[in-house]
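*Asks:* Provided herewith: work.cif, mmCIF, C-alpha atoms.
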data_structure
#
loop_
_atom_site.group_PDB
_atom_site.id
_atom_site.type_symbol
_atom_site.label_atom_id
_atom_site.label_comp_id
_atom_site.auth_asym_id
_atom_site.auth_seq_id
_atom_site.Cartn_x
_atom_site.Cartn_y
_atom_site.Cartn_z
ATOM 1 C CA MET A 152 -56.930 -168.460 -48.610
ATOM 2 C CA ALA A 153 -60.113 -169.168 -50.539
ATOM 3 C CA VAL A 154 -59.330 -172.839 -50.934
ATOM 4 C CA GLY A 155 -59.034 -173.242 -47.186
ATOM 5 C CA GLY A 156 -62.683 -172.834 -46.277
ATOM 6 C CA VAL A 157 -64.272 -175.401 -43.978
ATOM 7 C CA LEU A 158 -66.436 -177.721 -46.039
ATOM 8 C CA LEU A 159 -69.288 -179.774 -44.677
ATOM 9 C CA VAL A 160 -71.400 -182.210 -46.642
ATOM 10 C CA ALA A 161 -74.929 -182.716 -45.391
ATOM 11 C CA ALA A 162 -76.429 -186.188 -45.426
ATOM 12 C CA GLY A 163 -77.198 -187.100 -49.014
ATOM 13 C CA CYS A 164 -75.626 -184.272 -50.945
ATOM 14 C CA GLY A 165 -76.171 -180.704 -49.783
ATOM 15 C CA LEU A 166 -73.321 -178.389 -48.929
ATOM 16 C CA THR A 167 -73.702 -176.384 -45.762
ATOM 17 C CA SER A 168 -70.727 -174.039 -45.657
ATOM 18 C CA GLY A 169 -67.957 -172.432 -47.645
ATOM 19 C CA SER A 170 -65.969 -169.232 -47.791
ATOM 20 C CA PRO A 171 -66.031 -166.226 -50.128
ATOM 21 C CA MET A 172 -63.386 -165.962 -52.822
ATOM 22 C CA VAL A 173 -61.669 -162.620 -52.331
ATOM 23 C CA ASP A 174 -59.199 -162.435 -55.214
ATOM 24 C CA ASP A 175 -58.503 -158.871 -56.253
ATOM 25 C CA VAL A 176 -58.750 -159.519 -59.997
ATOM 26 C CA LYS A 177 -59.928 -157.390 -62.888
ATOM 27 C CA PRO A 178 -61.158 -158.324 -66.366
ATOM 28 C CA GLY A 179 -58.554 -159.427 -68.878
ATOM 29 C CA ILE A 180 -59.496 -161.633 -71.805
ATOM 30 C CA VAL A 181 -62.500 -162.701 -69.719
ATOM 31 C CA GLY A 182 -64.931 -160.469 -67.852
ATOM 32 C CA GLN A 183 -64.838 -157.407 -70.096
ATOM 33 C CA GLY A 184 -67.850 -155.235 -69.251
ATOM 34 C CA LYS A 185 -68.448 -157.191 -66.014
ATOM 35 C CA PRO A 186 -71.247 -159.364 -67.510
ATOM 36 C CA LEU A 187 -71.770 -161.152 -64.165
ATOM 37 C CA ALA A 188 -72.040 -157.987 -62.062
ATOM 38 C CA GLY A 189 -74.583 -158.547 -59.295
ATOM 39 C CA ALA A 190 -74.449 -162.336 -59.579
ATOM 40 C CA ASP A 191 -73.908 -164.532 -56.515
ATOM 41 C CA LEU A 192 -72.350 -167.770 -57.716
ATOM 42 C CA THR A 193 -71.117 -170.852 -55.878
ATOM 43 C CA VAL A 194 -68.391 -173.028 -57.366
ATOM 44 C CA THR A 195 -67.586 -176.543 -56.241
ATOM 45 C CA SER A 196 -65.102 -179.312 -57.008
ATOM 46 C CA LYS A 197 -63.886 -182.671 -55.813
ATOM 47 C CA GLU A 198 -60.990 -182.911 -53.364
ATOM 48 C CA PHE A 199 -58.003 -183.867 -55.520
ATOM 49 C CA THR A 200 -55.379 -181.455 -56.829
ATOM 50 C CA GLU A 201 -56.594 -180.986 -60.392
ATOM 51 C CA GLN A 202 -60.156 -180.374 -59.235
ATOM 52 C CA LEU A 203 -59.075 -177.812 -56.654
ATOM 53 C CA ILE A 204 -57.160 -175.953 -59.361
ATOM 54 C CA LEU A 205 -60.053 -176.096 -61.838
ATOM 55 C CA GLY A 206 -62.527 -174.926 -59.194
ATOM 56 C CA ALA A 207 -60.297 -171.964 -58.389
ATOM 57 C CA ILE A 208 -59.873 -171.141 -62.086
ATOM 58 C CA MET A 209 -63.642 -171.060 -62.510
ATOM 59 C CA GLY A 210 -64.185 -168.912 -59.430
ATOM 60 C CA ILE A 211 -61.475 -166.443 -60.425
ATOM 61 C CA ALA A 212 -63.018 -166.063 -63.892
ATOM 62 C CA PHE A 213 -66.416 -165.366 -62.336
ATOM 63 C CA GLN A 214 -64.926 -162.765 -59.987
ATOM 64 C CA ALA A 215 -63.214 -160.938 -62.871
ATOM 65 C CA ALA A 216 -66.599 -160.810 -64.600
ATOM 66 C CA GLY A 217 -68.120 -159.084 -61.571
ATOM 67 C CA ALA A 218 -69.688 -161.931 -59.596
ATOM 68 C CA ASP A 219 -69.490 -162.531 -55.866
ATOM 69 C CA VAL A 220 -68.240 -166.095 -55.552
ATOM 70 C CA LEU A 221 -68.659 -168.593 -52.731
ATOM 71 C CA ASP A 222 -65.985 -171.272 -52.641
ATOM 72 C CA ARG A 223 -67.266 -174.754 -51.906
ATOM 73 C CA THR A 224 -64.455 -176.658 -53.561
ATOM 74 C CA GLY A 225 -62.813 -179.759 -52.109
ATOM 75 C CA ILE A 226 -65.810 -182.061 -51.673
ATOM 76 C CA GLN A 227 -64.764 -185.643 -50.998
ATOM 77 C CA GLY A 228 -65.734 -188.028 -53.783
ATOM 78 C CA SER A 229 -67.556 -187.363 -57.022
ATOM 79 C CA ILE A 230 -71.169 -187.692 -55.919
ATOM 80 C CA GLY A 231 -71.246 -184.805 -53.417
ATOM 81 C CA ALA A 232 -70.031 -182.134 -55.816
ATOM 82 C CA ARG A 233 -72.165 -183.466 -58.644
ATOM 83 C CA GLU A 234 -75.331 -183.493 -56.546
ATOM 84 C CA ALA A 235 -74.599 -179.967 -55.348
ATOM 85 C CA VAL A 236 -74.660 -178.679 -58.930
ATOM 86 C CA LYS A 237 -77.638 -180.819 -59.881
ATOM 87 C CA GLY A 238 -79.644 -179.721 -56.838
ATOM 88 C CA GLY A 239 -78.660 -176.045 -56.968
ATOM 89 C CA ASP A 240 -76.514 -175.939 -53.817
ATOM 90 C CA ALA A 241 -73.681 -175.018 -56.195
ATOM 91 C CA ASP A 242 -73.907 -173.351 -59.581
ATOM 92 C CA ALA A 243 -71.019 -174.852 -61.508
ATOM 93 C CA MET A 244 -67.901 -177.034 -61.526
ATOM 94 C CA TYR A 245 -65.506 -178.633 -63.972
ATOM 95 C CA GLU A 246 -66.541 -182.268 -64.358
ATOM 96 C CA TYR A 247 -65.327 -185.119 -66.564
ATOM 97 C CA THR A 248 -67.390 -186.523 -69.423
ATOM 98 C CA GLY A 249 -66.485 -190.156 -68.734
ATOM 99 C CA THR A 250 -67.404 -189.840 -65.067
ATOM 100 C CA ALA A 251 -70.801 -188.415 -65.950
ATOM 101 C CA TRP A 252 -71.508 -190.975 -68.671
ATOM 102 C CA ILE A 253 -70.592 -194.025 -66.605
ATOM 103 C CA THR A 254 -70.961 -193.052 -62.938
ATOM 104 C CA TYR A 255 -73.872 -190.597 -63.002
ATOM 105 C CA LEU A 256 -75.801 -191.609 -66.103
ATOM 106 C CA GLY A 257 -75.366 -195.360 -65.622
ATOM 107 C CA ASN A 258 -73.850 -196.383 -68.960
ATOM 108 C CA SER A 259 -71.418 -199.283 -69.119
ATOM 109 C CA ALA A 260 -69.728 -198.642 -72.469
ATOM 110 C CA PRO A 261 -67.844 -195.400 -73.118
ATOM 111 C CA ILE A 262 -68.060 -193.603 -76.464
ATOM 112 C CA PRO A 263 -64.612 -193.639 -78.133
ATOM 113 C CA ASP A 264 -64.867 -190.257 -79.861
ATOM 114 C CA PRO A 265 -64.377 -187.481 -77.241
ATOM 115 C CA GLN A 266 -66.692 -184.978 -78.939
ATOM 116 C CA GLN A 267 -69.429 -187.576 -79.350
ATOM 117 C CA GLN A 268 -68.953 -188.602 -75.711
ATOM 118 C CA TRP A 269 -69.440 -184.993 -74.583
ATOM 119 C CA ASP A 270 -72.459 -184.555 -76.846
ATOM 120 C CA ALA A 271 -74.097 -187.713 -75.483
ATOM 121 C CA VAL A 272 -73.513 -186.532 -71.913
ATOM 122 C CA ARG A 273 -74.874 -183.061 -72.708
ATOM 123 C CA LYS A 274 -78.062 -184.465 -74.212
ATOM 124 C CA ALA A 275 -78.622 -187.078 -71.493
ATOM 125 C CA ASP A 276 -77.962 -184.686 -68.600
ATOM 126 C CA ALA A 277 -80.279 -181.929 -69.843
ATOM 127 C CA LYS A 278 -83.237 -183.694 -68.235
ATOM 128 C CA ASN A 279 -81.406 -183.612 -64.887
ATOM 129 C CA GLY A 280 -81.274 -179.827 -64.840
ATOM 130 C CA VAL A 281 -77.583 -179.810 -65.725
ATOM 131 C CA THR A 282 -76.074 -178.064 -68.756
ATOM 132 C CA TRP A 283 -72.661 -179.003 -70.137
ATOM 133 C CA LEU A 284 -70.637 -176.267 -71.806
ATOM 134 C CA ALA A 285 -67.987 -176.927 -74.474
ATOM 135 C CA PRO A 286 -65.252 -179.357 -73.327
ATOM 136 C CA ALA A 287 -61.532 -178.880 -72.883
ATOM 137 C CA ALA A 288 -58.858 -180.955 -74.590
ATOM 138 C CA LEU A 289 -57.776 -181.885 -71.032
ATOM 139 C CA ASN A 290 -58.443 -185.619 -70.767
ATOM 140 C CA ASN A 291 -57.697 -187.079 -67.347
ATOM 141 C CA THR A 292 -57.882 -190.774 -68.118
ATOM 142 C CA TYR A 293 -55.930 -193.902 -67.170
ATOM 143 C CA ALA A 294 -52.596 -194.961 -68.644
ATOM 144 C CA LEU A 295 -49.707 -197.315 -67.949
ATOM 145 C CA ALA A 296 -46.327 -195.596 -67.733
ATOM 146 C CA LEU A 297 -42.711 -196.713 -67.381
ATOM 147 C CA ASN A 298 -39.413 -195.063 -66.500
ATOM 148 C CA GLU A 299 -36.665 -194.034 -68.922
ATOM 149 C CA SER A 300 -34.520 -197.093 -68.265
ATOM 150 C CA ASN A 301 -37.342 -199.541 -68.966
ATOM 151 C CA LEU A 302 -38.413 -197.508 -71.980
ATOM 152 C CA LYS A 303 -34.947 -197.951 -73.479
ATOM 153 C CA LYS A 304 -34.864 -201.623 -72.494
ATOM 154 C CA TYR A 305 -38.272 -202.652 -73.837
ATOM 155 C CA GLY A 306 -39.142 -199.899 -76.323
ATOM 156 C CA THR A 307 -42.894 -200.147 -75.842
ATOM 157 C CA LYS A 308 -44.975 -197.180 -76.995
ATOM 158 C CA THR A 309 -48.536 -198.538 -76.959
ATOM 159 C CA LEU A 310 -50.623 -200.933 -74.900
ATOM 160 C CA SER A 311 -50.558 -203.291 -77.875
ATOM 161 C CA ASP A 312 -46.755 -203.302 -77.518
ATOM 162 C CA VAL A 313 -47.151 -204.139 -73.823
ATOM 163 C CA ALA A 314 -49.499 -206.998 -74.695
ATOM 164 C CA ALA A 315 -46.983 -208.345 -77.208
ATOM 165 C CA LEU A 316 -44.189 -208.075 -74.627
ATOM 166 C CA SER A 317 -46.311 -209.977 -72.102
ATOM 167 C CA LYS A 318 -46.408 -212.882 -74.554
ATOM 168 C CA SER A 319 -42.776 -212.792 -75.707
ATOM 169 C CA ASP A 320 -41.295 -212.121 -72.256
ATOM 170 C CA PRO A 321 -43.930 -212.803 -69.573
ATOM 171 C CA LYS A 322 -41.667 -211.844 -66.662
ATOM 172 C CA ALA A 323 -41.004 -208.399 -68.158
ATOM 173 C CA VAL A 324 -44.509 -207.023 -67.674
ATOM 174 C CA THR A 325 -45.061 -206.277 -63.999
ATOM 175 C CA LEU A 326 -47.695 -203.773 -62.936
ATOM 176 C CA CYS A 327 -48.252 -201.469 -59.963
ATOM 177 C CA VAL A 328 -51.931 -200.494 -59.766
ATOM 178 C CA GLU A 329 -54.591 -199.227 -57.372
ATOM 179 C CA GLY A 330 -57.010 -201.727 -55.878
ATOM 180 C CA GLU A 331 -59.940 -200.060 -57.610
ATOM 181 C CA PHE A 332 -58.250 -200.134 -61.011
ATOM 182 C CA ALA A 333 -57.350 -203.793 -60.482
ATOM 183 C CA ASN A 334 -61.012 -204.754 -60.173
ATOM 184 C CA ARG A 335 -62.999 -202.283 -62.311
ATOM 185 C CA ALA A 336 -64.439 -203.331 -65.667
ATOM 186 C CA ASP A 337 -63.045 -200.110 -67.157
ATOM 187 C CA GLY A 338 -59.708 -200.819 -65.453
ATOM 188 C CA LEU A 339 -57.267 -203.700 -65.551
ATOM 189 C CA PRO A 340 -59.664 -206.633 -66.245
ATOM 190 C CA GLY A 341 -61.236 -204.852 -69.202
ATOM 191 C CA MET A 342 -57.871 -203.631 -70.479
ATOM 192 C CA GLN A 343 -56.415 -207.139 -70.416
ATOM 193 C CA LYS A 344 -59.431 -208.484 -72.284
ATOM 194 C CA LYS A 345 -59.311 -205.719 -74.905
ATOM 195 C CA TYR A 346 -55.595 -206.156 -75.562
ATOM 196 C CA GLY A 347 -55.411 -209.929 -75.167
ATOM 197 C CA MET A 348 -53.204 -209.886 -72.074
ATOM 198 C CA LYS A 349 -53.185 -212.669 -69.498
ATOM 199 C CA LEU A 350 -50.890 -211.476 -66.737
ATOM 200 C CA PRO A 351 -50.364 -213.849 -63.802
ATOM 201 C CA SER A 352 -51.495 -212.460 -60.462
ATOM 202 C CA GLY A 353 -47.887 -212.513 -59.251
ATOM 203 C CA ASN A 354 -47.032 -209.847 -61.836
ATOM 204 C CA ILE A 355 -49.595 -207.415 -60.415
ATOM 205 C CA THR A 356 -49.061 -205.480 -57.179
ATOM 206 C CA GLN A 357 -51.796 -203.313 -55.671
ATOM 207 C CA MET A 358 -50.807 -200.142 -53.791
ATOM 208 C CA ASP A 359 -51.821 -196.555 -53.055
ATOM 209 C CA THR A 360 -51.734 -194.042 -55.901
ATOM 210 C CA GLY A 361 -48.778 -191.982 -54.716
ATOM 211 C CA ILE A 362 -46.609 -195.056 -54.168
ATOM 212 C CA ILE A 363 -47.293 -196.262 -57.718
ATOM 213 C CA TYR A 364 -45.478 -193.256 -59.188
ATOM 214 C CA THR A 365 -42.393 -193.722 -57.007
ATOM 215 C CA GLN A 366 -42.258 -197.473 -57.673
ATOM 216 C CA ALA A 367 -42.579 -196.942 -61.417
ATOM 217 C CA GLU A 368 -39.867 -194.284 -61.238
ATOM 218 C CA LYS A 369 -37.563 -196.726 -59.425
ATOM 219 C CA GLY A 370 -38.446 -199.512 -61.849
ATOM 220 C CA SER A 371 -39.714 -201.753 -59.043
ATOM 221 C CA CYS A 372 -42.561 -202.493 -61.403
ATOM 222 C CA THR A 373 -42.178 -202.107 -65.161
ATOM 223 C CA TYR A 374 -45.458 -200.264 -65.632
ATOM 224 C CA GLY A 375 -47.405 -198.117 -63.191
ATOM 225 C CA GLU A 376 -51.037 -197.077 -63.469
ATOM 226 C CA VAL A 377 -51.112 -193.280 -63.828
ATOM 227 C CA PHE A 378 -53.544 -190.506 -64.650
ATOM 228 C CA THR A 379 -52.648 -188.735 -67.873
ATOM 229 C CA THR A 380 -52.762 -185.203 -66.443
ATOM 230 C CA ASP A 381 -50.755 -185.948 -63.283
ATOM 231 C CA GLY A 382 -47.793 -183.603 -62.846
ATOM 232 C CA ARG A 383 -45.634 -186.405 -61.486
ATOM 233 C CA ILE A 384 -45.450 -188.024 -64.941
ATOM 234 C CA LYS A 385 -43.192 -185.261 -66.232
ATOM 235 C CA ALA A 386 -41.443 -184.651 -62.928
ATOM 236 C CA MET A 387 -40.448 -188.318 -62.652
ATOM 237 C CA ASN A 388 -39.702 -188.667 -66.383
ATOM 238 C CA LEU A 389 -42.300 -191.392 -66.915
ATOM 239 C CA THR A 390 -43.659 -192.233 -70.368
ATOM 240 C CA PRO A 391 -47.339 -193.241 -70.713
ATOM 241 C CA MET A 392 -48.268 -195.935 -73.191
ATOM 242 C CA ALA A 393 -50.724 -194.910 -75.908
ATOM 243 C CA ASP A 394 -54.146 -196.546 -75.642
ATOM 244 C CA ASP A 395 -54.086 -197.472 -79.324
ATOM 245 C CA LYS A 396 -57.318 -199.498 -79.185
ATOM 246 C CA HIS A 397 -59.121 -196.702 -77.328
ATOM 247 C CA PHE A 398 -60.186 -198.837 -74.387
ATOM 248 C CA PHE A 399 -60.145 -196.284 -71.590
ATOM 249 C CA PRO A 400 -63.034 -193.798 -71.454
ATOM 250 C CA ASN A 401 -62.517 -190.167 -72.380
ATOM 251 C CA TYR A 402 -62.507 -188.014 -69.269
ATOM 252 C CA ASN A 403 -62.515 -184.561 -70.850
ATOM 253 C CA ALA A 404 -63.069 -181.719 -68.403
ATOM 254 C CA ALA A 405 -65.998 -179.417 -69.159
ATOM 255 C CA PRO A 406 -68.039 -176.890 -67.184
ATOM 256 C CA GLU A 407 -71.106 -178.549 -65.686
ATOM 257 C CA VAL A 408 -73.610 -175.823 -64.808
ATOM 258 C CA ASN A 409 -76.943 -175.857 -63.020
ATOM 259 C CA SER A 410 -79.409 -175.106 -65.823
ATOM 260 C CA LYS A 411 -81.440 -172.618 -63.773
ATOM 261 C CA ALA A 412 -78.280 -170.713 -62.878
ATOM 262 C CA LEU A 413 -77.231 -170.607 -66.530
ATOM 263 C CA LYS A 414 -80.651 -169.333 -67.561
ATOM 264 C CA LYS A 415 -80.411 -166.590 -64.941
ATOM 265 C CA TYR A 416 -76.784 -165.745 -65.796
ATOM 266 C CA PRO A 417 -76.183 -166.775 -69.432
ATOM 267 C CA ALA A 418 -72.869 -164.876 -69.453
ATOM 268 C CA ILE A 419 -71.382 -167.818 -67.514
ATOM 269 C CA ALA A 420 -70.862 -169.547 -70.857
ATOM 270 C CA GLU A 421 -68.970 -166.702 -72.531
ATOM 271 C CA VAL A 422 -66.828 -166.099 -69.446
ATOM 272 C CA LEU A 423 -65.655 -169.715 -69.254
ATOM 273 C CA ALA A 424 -65.300 -170.475 -72.983
ATOM 274 C CA PRO A 425 -61.788 -169.064 -73.628
ATOM 275 C CA VAL A 426 -60.456 -170.496 -70.358
ATOM 276 C CA THR A 427 -61.777 -173.989 -71.090
ATOM 277 C CA LYS A 428 -60.364 -173.840 -74.624
ATOM 278 C CA LYS A 429 -56.866 -173.278 -73.208
ATOM 279 C CA LEU A 430 -56.934 -176.290 -70.874
ATOM 280 C CA ASP A 431 -55.137 -179.364 -72.169
ATOM 281 C CA ASN A 432 -53.060 -182.192 -70.703
ATOM 282 C CA LYS A 433 -49.797 -180.225 -70.906
ATOM 283 C CA VAL A 434 -51.296 -177.303 -68.973
ATOM 284 C CA ALA A 435 -52.864 -179.655 -66.437
ATOM 285 C CA GLN A 436 -49.612 -181.546 -65.860
ATOM 286 C CA GLU A 437 -47.719 -178.288 -65.311
ATOM 287 C CA LEU A 438 -50.292 -176.880 -62.892
ATOM 288 C CA ASN A 439 -50.746 -180.151 -61.019
ATOM 289 C CA ALA A 440 -46.967 -180.480 -60.633
ATOM 290 C CA LYS A 441 -46.744 -177.061 -58.996
ATOM 291 C CA VAL A 442 -48.962 -178.453 -56.234
ATOM 292 C CA ASP A 443 -48.009 -182.137 -56.031
ATOM 293 C CA VAL A 444 -44.278 -181.753 -56.707
ATOM 294 C CA ASP A 445 -43.429 -178.184 -55.654
ATOM 295 C CA GLY A 446 -45.889 -177.921 -52.760
ATOM 296 C CA GLU A 447 -47.633 -174.728 -53.904
ATOM 297 C CA ASP A 448 -51.214 -173.791 -52.994
ATOM 298 C CA PRO A 449 -53.808 -174.853 -55.617
ATOM 299 C CA HIS A 450 -55.671 -171.548 -55.519
ATOM 300 C CA GLU A 451 -52.504 -169.508 -55.970
ATOM 301 C CA VAL A 452 -51.399 -171.790 -58.811
ATOM 302 C CA ALA A 453 -54.757 -171.216 -60.512
ATOM 303 C CA LYS A 454 -54.573 -167.455 -60.037
ATOM 304 C CA ASP A 455 -50.991 -167.205 -61.287
ATOM 305 C CA TRP A 456 -51.940 -169.107 -64.439
ATOM 306 C CA MET A 457 -55.021 -166.972 -65.064
ATOM 307 C CA VAL A 458 -52.881 -163.824 -64.793
ATOM 308 C CA ALA A 459 -50.023 -165.240 -66.880
ATOM 309 C CA GLU A 460 -52.433 -166.194 -69.674
ATOM 310 C CA GLY A 461 -54.033 -162.760 -69.614
ATOM 311 C CA PHE A 462 -57.465 -164.055 -68.662
ATOM 312 C CA VAL A 463 -57.528 -161.725 -65.649
ATOM 313 C CA LYS A 464 -55.447 -158.827 -64.382
ATOM 314 C CA GLU A 465 -54.369 -158.019 -60.836
#
As structure tokens - that is how I would like this structure written.
*Replies:*
Amino acid sequence: MAVGGVLLVAAGCGLTSGSPMVDDVKPGIVGQGKPLAGADLTVTSKEFTEQLILGAIMGIAFQAAGADVLDRTGIQGSIGAREAVKGGDADAMYEYTGTAWITYLGNSAPIPDPQQQWDAVRKADAKNGVTWLAPAALNNTYALALNESNLKKYGTKTLSDVAALSKSDPKAVTLCVEGEFANRADGLPGMQKKYGMKLPSGNITQMDTGIIYTQAEKGSCTYGEVFTTDGRIKAMNLTPMADDKHFFPNYNAAPEVNSKALKKYPAIAEVLAPVTKKLDNKVAQELNAKVDVDGEDPHEVAKDWMVAEGFVKE
């Protein structure tokens, strides 16, 4: 399978191997007229489920449009995949606006409006030889979520409600969070400051991501730190709290393309536009769940969705 290629990251950033994508797909909504015929394109992604799916979606779209595609998805961490696109070792990937703004471009304060956040990233990254195409509604950001029983018991719907509960019933608000989230300025410390929470350390338990979901489902902690596009939210019947003061950054997915590659193959933009427009949190949760809950292969999940939506034909 295309997603199973051996991936090696050279010291610093460069990618040194991959495998061809060999999906037998034809143009559907995308790829009419084979506008990328003759193009050799390399797609990349990070290693987690959603990124593997998005990388496959991009590669399948390129293939339907006539390109030969090299699969270099599954790079560990954000920096490797990003540097591959920036340096030209890869041509494109789906990246997140908040990650670029804070991690790559060095800003400390996110921009609350998602369109303005994307526009600021697009303008700032142009000088780095990276072009950002129009963003998706898909916003993979942080949230706190609780199970059905605790939802009925406490009735919280927003983080402001959680803050109020922490004052009226301090023992009620217990959190399961990752170590990174517990210490990041754009994580728990910043969230508590923004919402006026002062949770005692005994109310906060740090654990691995996967365990958080199961503990929140069991109610072992009232609220678990989750990612808003994770398929386990729906599968485990968890309810995320609305970030009503817009503290967490917007992490909208958008195609990040090497500017030289886009200049050489401008049809990349038209091929990806309708696909990106269809991606939202509901779609992401459903696709992610097929992998994380049902155990399906990310590349096959991506291909099935592309066919079902009519973007490509088999």
*Asks:* Using the chain letters and numbers from this file, what does the PyMOL selection byres ((chain A and resi 379) around 9) select? Give the answer as number ranges by chain.
*Replies:* A: 290-294, 377-378, 380-382, 384, 391, 432, 436
*Asks:* Between CA of Gly347 (chain A) and CA of Tyr247 (chain A), what distance in Å does the model show, to one decimal?
*Replies:* 28.1 Å
*Asks:* Looking at A:Pro286, A:Pro186, A:Gly306, A:Gly375, which one is nearest to Tyr245 (chain A), with distances taken over only C-alpha atoms?
*Replies:*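 Answer, going by the shortest atom-to-atom distance: A:Pro286.
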*Asks:* Which one of A:Glu201, A:Asp359, A:Asp175, A:Asp242 sits closest to Ala412 (chain A) if you count all atoms listed in the file?
*Replies:*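 Closest candidate: A:Asp242.
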*Asks:* Separation of CA of Val463 (chain A) and CA of Ala215 (chain A), in Å?
*Replies:*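 Separating CA of Val463 (chain A) from CA of Ala215 (chain A) is a distance of 6.4 Å.
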*Asks:* Excluding region 308-317 of chain A and its own-chain neighbours fewer than 3 positions away, which residues fall within 6 Å of it when counting only C-alpha atoms? Please give them as an mmCIF file with C-alpha atoms, in the coordinates of the input.
*Replies:*
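File around_1.cif, as written:
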data_model
loop_
_atom_site.group_PDB
_atom_site.id
_atom_site.type_symbol
_atom_site.label_atom_id
_atom_site.label_comp_id
_atom_site.auth_asym_id
_atom_site.auth_seq_id
_atom_site.Cartn_x
_atom_site.Cartn_y
_atom_site.Cartn_z
ATOM 1 C CA ASP A 320 -41.295 -212.121 -72.256
ATOM 2 C CA PRO A 321 -43.930 -212.803 -69.573
ATOM 3 C CA VAL A 324 -44.509 -207.023 -67.674
ATOM 4 C CA MET A 348 -53.204 -209.886 -72.074
ATOM 5 C CA MET A 392 -48.268 -195.935 -73.191
ATOM 6 C CA ALA A 393 -50.724 -194.910 -75.908
ATOM 7 C CA ASP A 394 -54.146 -196.546 -75.642
#
*Asks:* Find the residues near Met172 (chain A): any atom within 12 Å, counting only C-alpha atoms, skip ones fewer than 5 places away on the same chain, and give them as an MDAnalysis selection string.
*Replies:* chainID A and resid 152:156 191:195 206:215 218:224 450:451 454
*Asks:* Just write the chosen residues, C-alpha atoms, as an mmCIF file, in the coordinates of the input.
*Replies:*
data_model
loop_
_atom_site.group_PDB
_atom_site.id
_atom_site.type_symbol
_atom_site.label_atom_id
_atom_site.label_comp_id
_atom_site.auth_asym_id
_atom_site.auth_seq_id
_atom_site.Cartn_x
_atom_site.Cartn_y
_atom_site.Cartn_z
ATOM 1 C CA MET A 152 -56.930 -168.460 -48.610
ATOM 2 C CA ALA A 153 -60.113 -169.168 -50.539
ATOM 3 C CA VAL A 154 -59.330 -172.839 -50.934
ATOM 4 C CA GLY A 155 -59.034 -173.242 -47.186
ATOM 5 C CA GLY A 156 -62.683 -172.834 -46.277
ATOM 6 C CA ASP A 191 -73.908 -164.532 -56.515
ATOM 7 C CA LEU A 192 -72.350 -167.770 -57.716
ATOM 8 C CA THR A 193 -71.117 -170.852 -55.878
ATOM 9 C CA VAL A 194 -68.391 -173.028 -57.366
ATOM 10 C CA THR A 195 -67.586 -176.543 -56.241
ATOM 11 C CA GLY A 206 -62.527 -174.926 -59.194
ATOM 12 C CA ALA A 207 -60.297 -171.964 -58.389
ATOM 13 C CA ILE A 208 -59.873 -171.141 -62.086
ATOM 14 C CA MET A 209 -63.642 -171.060 -62.510
ATOM 15 C CA GLY A 210 -64.185 -168.912 -59.430
ATOM 16 C CA ILE A 211 -61.475 -166.443 -60.425
ATOM 17 C CA ALA A 212 -63.018 -166.063 -63.892
ATOM 18 C CA PHE A 213 -66.416 -165.366 -62.336
ATOM 19 C CA GLN A 214 -64.926 -162.765 -59.987
ATOM 20 C CA ALA A 215 -63.214 -160.938 -62.871
ATOM 21 C CA ALA A 218 -69.688 -161.931 -59.596
ATOM 22 C CA ASP A 219 -69.490 -162.531 -55.866
ATOM 23 C CA VAL A 220 -68.240 -166.095 -55.552
ATOM 24 C CA LEU A 221 -68.659 -168.593 -52.731
ATOM 25 C CA ASP A 222 -65.985 -171.272 -52.641
ATOM 26 C CA ARG A 223 -67.266 -174.754 -51.906
ATOM 27 C CA THR A 224 -64.455 -176.658 -53.561
ATOM 28 C CA HIS A 450 -55.671 -171.548 -55.519
ATOM 29 C CA GLU A 451 -52.504 -169.508 -55.970
ATOM 30 C CA LYS A 454 -54.573 -167.455 -60.037
#
*Asks:* Which value, in Å to one decimal, gives the distance between CA of Ile262 (chain A) and CA of Asp337 (chain A)?
*Replies:*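 Separating CA of Ile262 (chain A) from CA of Asp337 (chain A) is a distance of 12.4 Å.
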*Asks:* Evaluate the PyMOL selection byres ((chain A and resi 277) around 12) here and jot the selected residues down as a ChimeraX atom specification.
*Replies:* /A:237,256,270-276,278-284,407-411
